[in-house]
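Undergrad: Sharing a structure here in structure tokens format.
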Amino acid sequence: MKTFFDIESILFRLLNGNTDANGGVYPSDERPADSRAEDICINTITMENDALPLMATSNVNVYVADKNATINGRTMVMPDKPRLKELTAQVLTILRNAHIDGCLITPTNVTMLADATTAQHYANIRVNWNINN
């Protein structure tokens with residue numbers, strides 16, 4: 001049966017090097033704390049391990065640095081929504097087109113969140129798993 005580690009490895013293999021993000025792909029809590037790059041982070045928040053099919057939920061977080069914008073003569077820091085949208089679309093396409101024996105992965109919802117400690121925003125993509133082997 002698959003484990004938490006297996007499904008994070010699957011997500012890593014699917015995403016690593018397959019988007020235009022200028023940063024890395026990181027499992028769990030391995031993203032460098034001071035990164036300002038367009039990183040993709042993977043974590044699994046729930047997983048049932050007792051019987052098939054196994055059900056699990058993962059997050060794929062796509063980070064993009066905020067940008068300066070001038071509004072009414074004032075410079076403000078704003079999320080780079082066009083870049084977030086572009087990278088999120090790439091990740092969603094990869095996830096939706098993935099064919100993994102015995103696994104069905106389904107992106108379910110996307111939310112944009114702020115990471116105030118790094119002056120970045122990220123798209124949080126929730127992924128549901130149905131694992132039959």
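Identifiers in the structure tokens: chain A, B, ... in order shown; residue index from 1 per chain; ligand index from 1 in order shown.
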Within 8 Å of A:Arg96, counting only C-alpha atoms, which residues qualify if same-chain residues fewer than 5 places away don't, as number ranges by chain?
TA: A: 105-107
Undergrad: Can I get the selected residues back with C-alpha atoms, as a CSV table (one decimal), in the first residue's frame?
TA:
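Wrote it out as part-v1.csv, contents follow:
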```
chain,number,residue,atom,x,y,z
A,105,ILE,CA,-5.7,12.5,-8.2
A,106,THR,CA,-8.3,15.3,-8.4
A,107,PRO,CA,-7.5,19.0,-7.8
```
Undergrad: Please identify the helix (DSSP H, G or I) residues within stretch 12-102 of chain A (assignment by DSSP from backbone atoms) and present them as JSON, numbers by chain.
TA: {"A": [12, 13, 14, 15, 81, 82, 83, 84, 85, 86, 87, 88, 89, 90, 91, 92, 93, 94, 95, 96, 97]}
Undergrad: Keeping N, CA, C and O atoms, export the residues of the selection given above as a compact mmCIF listing (two decimals), in the first residue's frame.
TA:
```
# COMPACT_ATOMS: atom_id res chain seq x y z
N PHE A 12 6.07 15.12 -6.36
CA PHE A 12 7.38 15.70 -6.66
C PHE A 12 7.80 15.33 -8.08
O PHE A 12 8.22 16.19 -8.85
N ARG A 13 7.68 14.05 -8.43
CA ARG A 13 8.07 13.60 -9.78
C ARG A 13 7.22 14.26 -10.86
O ARG A 13 7.72 14.61 -11.94
N LEU A 14 5.93 14.44 -10.60
CA LEU A 14 5.05 15.06 -11.57
C LEU A 14 5.43 16.53 -11.83
O LEU A 14 5.37 17.00 -12.98
N LEU A 15 5.79 17.25 -10.78
CA LEU A 15 5.97 18.69 -10.88
C LEU A 15 7.41 19.15 -11.09
O LEU A 15 7.64 20.19 -11.69
N LYS A 81 -0.62 38.58 -9.54
CA LYS A 81 -1.71 37.68 -9.92
C LYS A 81 -1.54 37.07 -11.32
O LYS A 81 -1.82 35.88 -11.49
N PRO A 82 -1.06 37.83 -12.30
CA PRO A 82 -0.88 37.18 -13.62
C PRO A 82 0.10 36.01 -13.56
O PRO A 82 -0.14 34.96 -14.16
N ARG A 83 1.20 36.18 -12.83
CA ARG A 83 2.19 35.08 -12.74
C ARG A 83 1.63 33.92 -11.91
O ARG A 83 1.83 32.77 -12.25
N LEU A 84 0.95 34.23 -10.81
CA LEU A 84 0.31 33.18 -10.02
C LEU A 84 -0.68 32.40 -10.87
O LEU A 84 -0.72 31.16 -10.81
N LYS A 85 -1.47 33.10 -11.65
CA LYS A 85 -2.46 32.45 -12.51
C LYS A 85 -1.78 31.53 -13.52
O LYS A 85 -2.21 30.39 -13.73
N GLU A 86 -0.70 32.01 -14.13
CA GLU A 86 0.01 31.23 -15.14
C GLU A 86 0.60 29.95 -14.54
O GLU A 86 0.41 28.86 -15.09
N LEU A 87 1.32 30.08 -13.43
CA LEU A 87 1.93 28.90 -12.82
C LEU A 87 0.89 27.94 -12.26
O LEU A 87 1.04 26.72 -12.36
N THR A 88 -0.18 28.48 -11.69
CA THR A 88 -1.25 27.63 -11.16
C THR A 88 -1.89 26.83 -12.29
O THR A 88 -2.16 25.63 -12.14
N ALA A 89 -2.11 27.46 -13.43
CA ALA A 89 -2.68 26.75 -14.58
C ALA A 89 -1.76 25.62 -15.04
O ALA A 89 -2.24 24.53 -15.39
N GLN A 90 -0.45 25.86 -15.03
CA GLN A 90 0.49 24.82 -15.42
C GLN A 90 0.41 23.63 -14.47
O GLN A 90 0.36 22.47 -14.91
N VAL A 91 0.39 23.91 -13.16
CA VAL A 91 0.32 22.83 -12.17
C VAL A 91 -1.00 22.07 -12.31
O VAL A 91 -1.02 20.83 -12.30
N LEU A 92 -2.10 22.78 -12.46
CA LEU A 92 -3.39 22.11 -12.60
C LEU A 92 -3.44 21.23 -13.85
O LEU A 92 -3.97 20.11 -13.81
N THR A 93 -2.86 21.68 -14.94
CA THR A 93 -2.81 20.86 -16.16
C THR A 93 -2.02 19.58 -15.92
O THR A 93 -2.45 18.48 -16.32
N ILE A 94 -0.89 19.69 -15.25
CA ILE A 94 -0.07 18.51 -14.95
C ILE A 94 -0.85 17.54 -14.08
O ILE A 94 -0.89 16.33 -14.34
N LEU A 95 -1.49 18.05 -13.03
CA LEU A 95 -2.23 17.18 -12.12
C LEU A 95 -3.41 16.51 -12.82
O LEU A 95 -3.67 15.32 -12.63
N ARG A 96 -4.15 17.28 -13.61
CA ARG A 96 -5.33 16.73 -14.30
C ARG A 96 -4.97 15.70 -15.35
O ARG A 96 -5.75 14.81 -15.66
N ASN A 97 -3.78 15.83 -15.95
CA ASN A 97 -3.36 14.90 -17.00
C ASN A 97 -2.53 13.74 -16.49
O ASN A 97 -2.09 12.91 -17.29
```
Undergrad: Of the residues A:Asn16, A:Thr70, A:Ser9, A:Asn59, which is the one nearest to A:Thr111, using only C-alpha atoms?
TA: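 Of A:Asn16, A:Thr70, A:Ser9, A:Asn59, the one nearest A:Thr111 is A:Asn59, counting only C-alpha atoms.
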Undergrad: For the strand (DSSP E or B) assignment from backbone DSSP, which residues of chain A qualify? Please present them as an MDAnalysis selection string.
TA: chainID A and resid 25:27 40:47 54:65 67:71 74:78 100 103:115 120:131
Undergrad: What is the distance between atom CA of A:Gln120 and atom CA of A:Pro79, in Å to one decimal?
TA: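 According to the coordinates, atom CA of A:Gln120 and atom CA of A:Pro79 are separated by 7.0 Å.
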Undergrad: Just checking: using only C-alpha atoms, which residue out of A:Thr118, A:Thr44, A:Asp50, A:Trp129 ends up closest to A:Ile100?
TA: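 Of A:Thr118, A:Thr44, A:Asp50, A:Trp129, the one nearest A:Ile100, counting only C-alpha atoms, is A:Trp129.
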Undergrad: I need the residue nearest A:Glu38 from this list: A:Ile7, A:Ala21, A:Leu54, A:Val110. Use only C-alpha atoms for the distance.
TA: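 Residue with the minimum atom-to-atom distance to A:Glu38: A:Ala21.
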Undergrad: Determine the nearest neighbour of A:Ala116 from the options A:Asp66, A:Gly73, A:Asp6, A:Cys103, counting only C-alpha atoms.
TA: A:Asp66
Undergrad: From the options A:Met47, A:Leu113, A:Asp101, A:Arg126, which residue's atoms come nearest to A:Asp80, counting only C-alpha atoms?
TA: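 For A:Asp80, the nearest of the given residues is A:Leu113.
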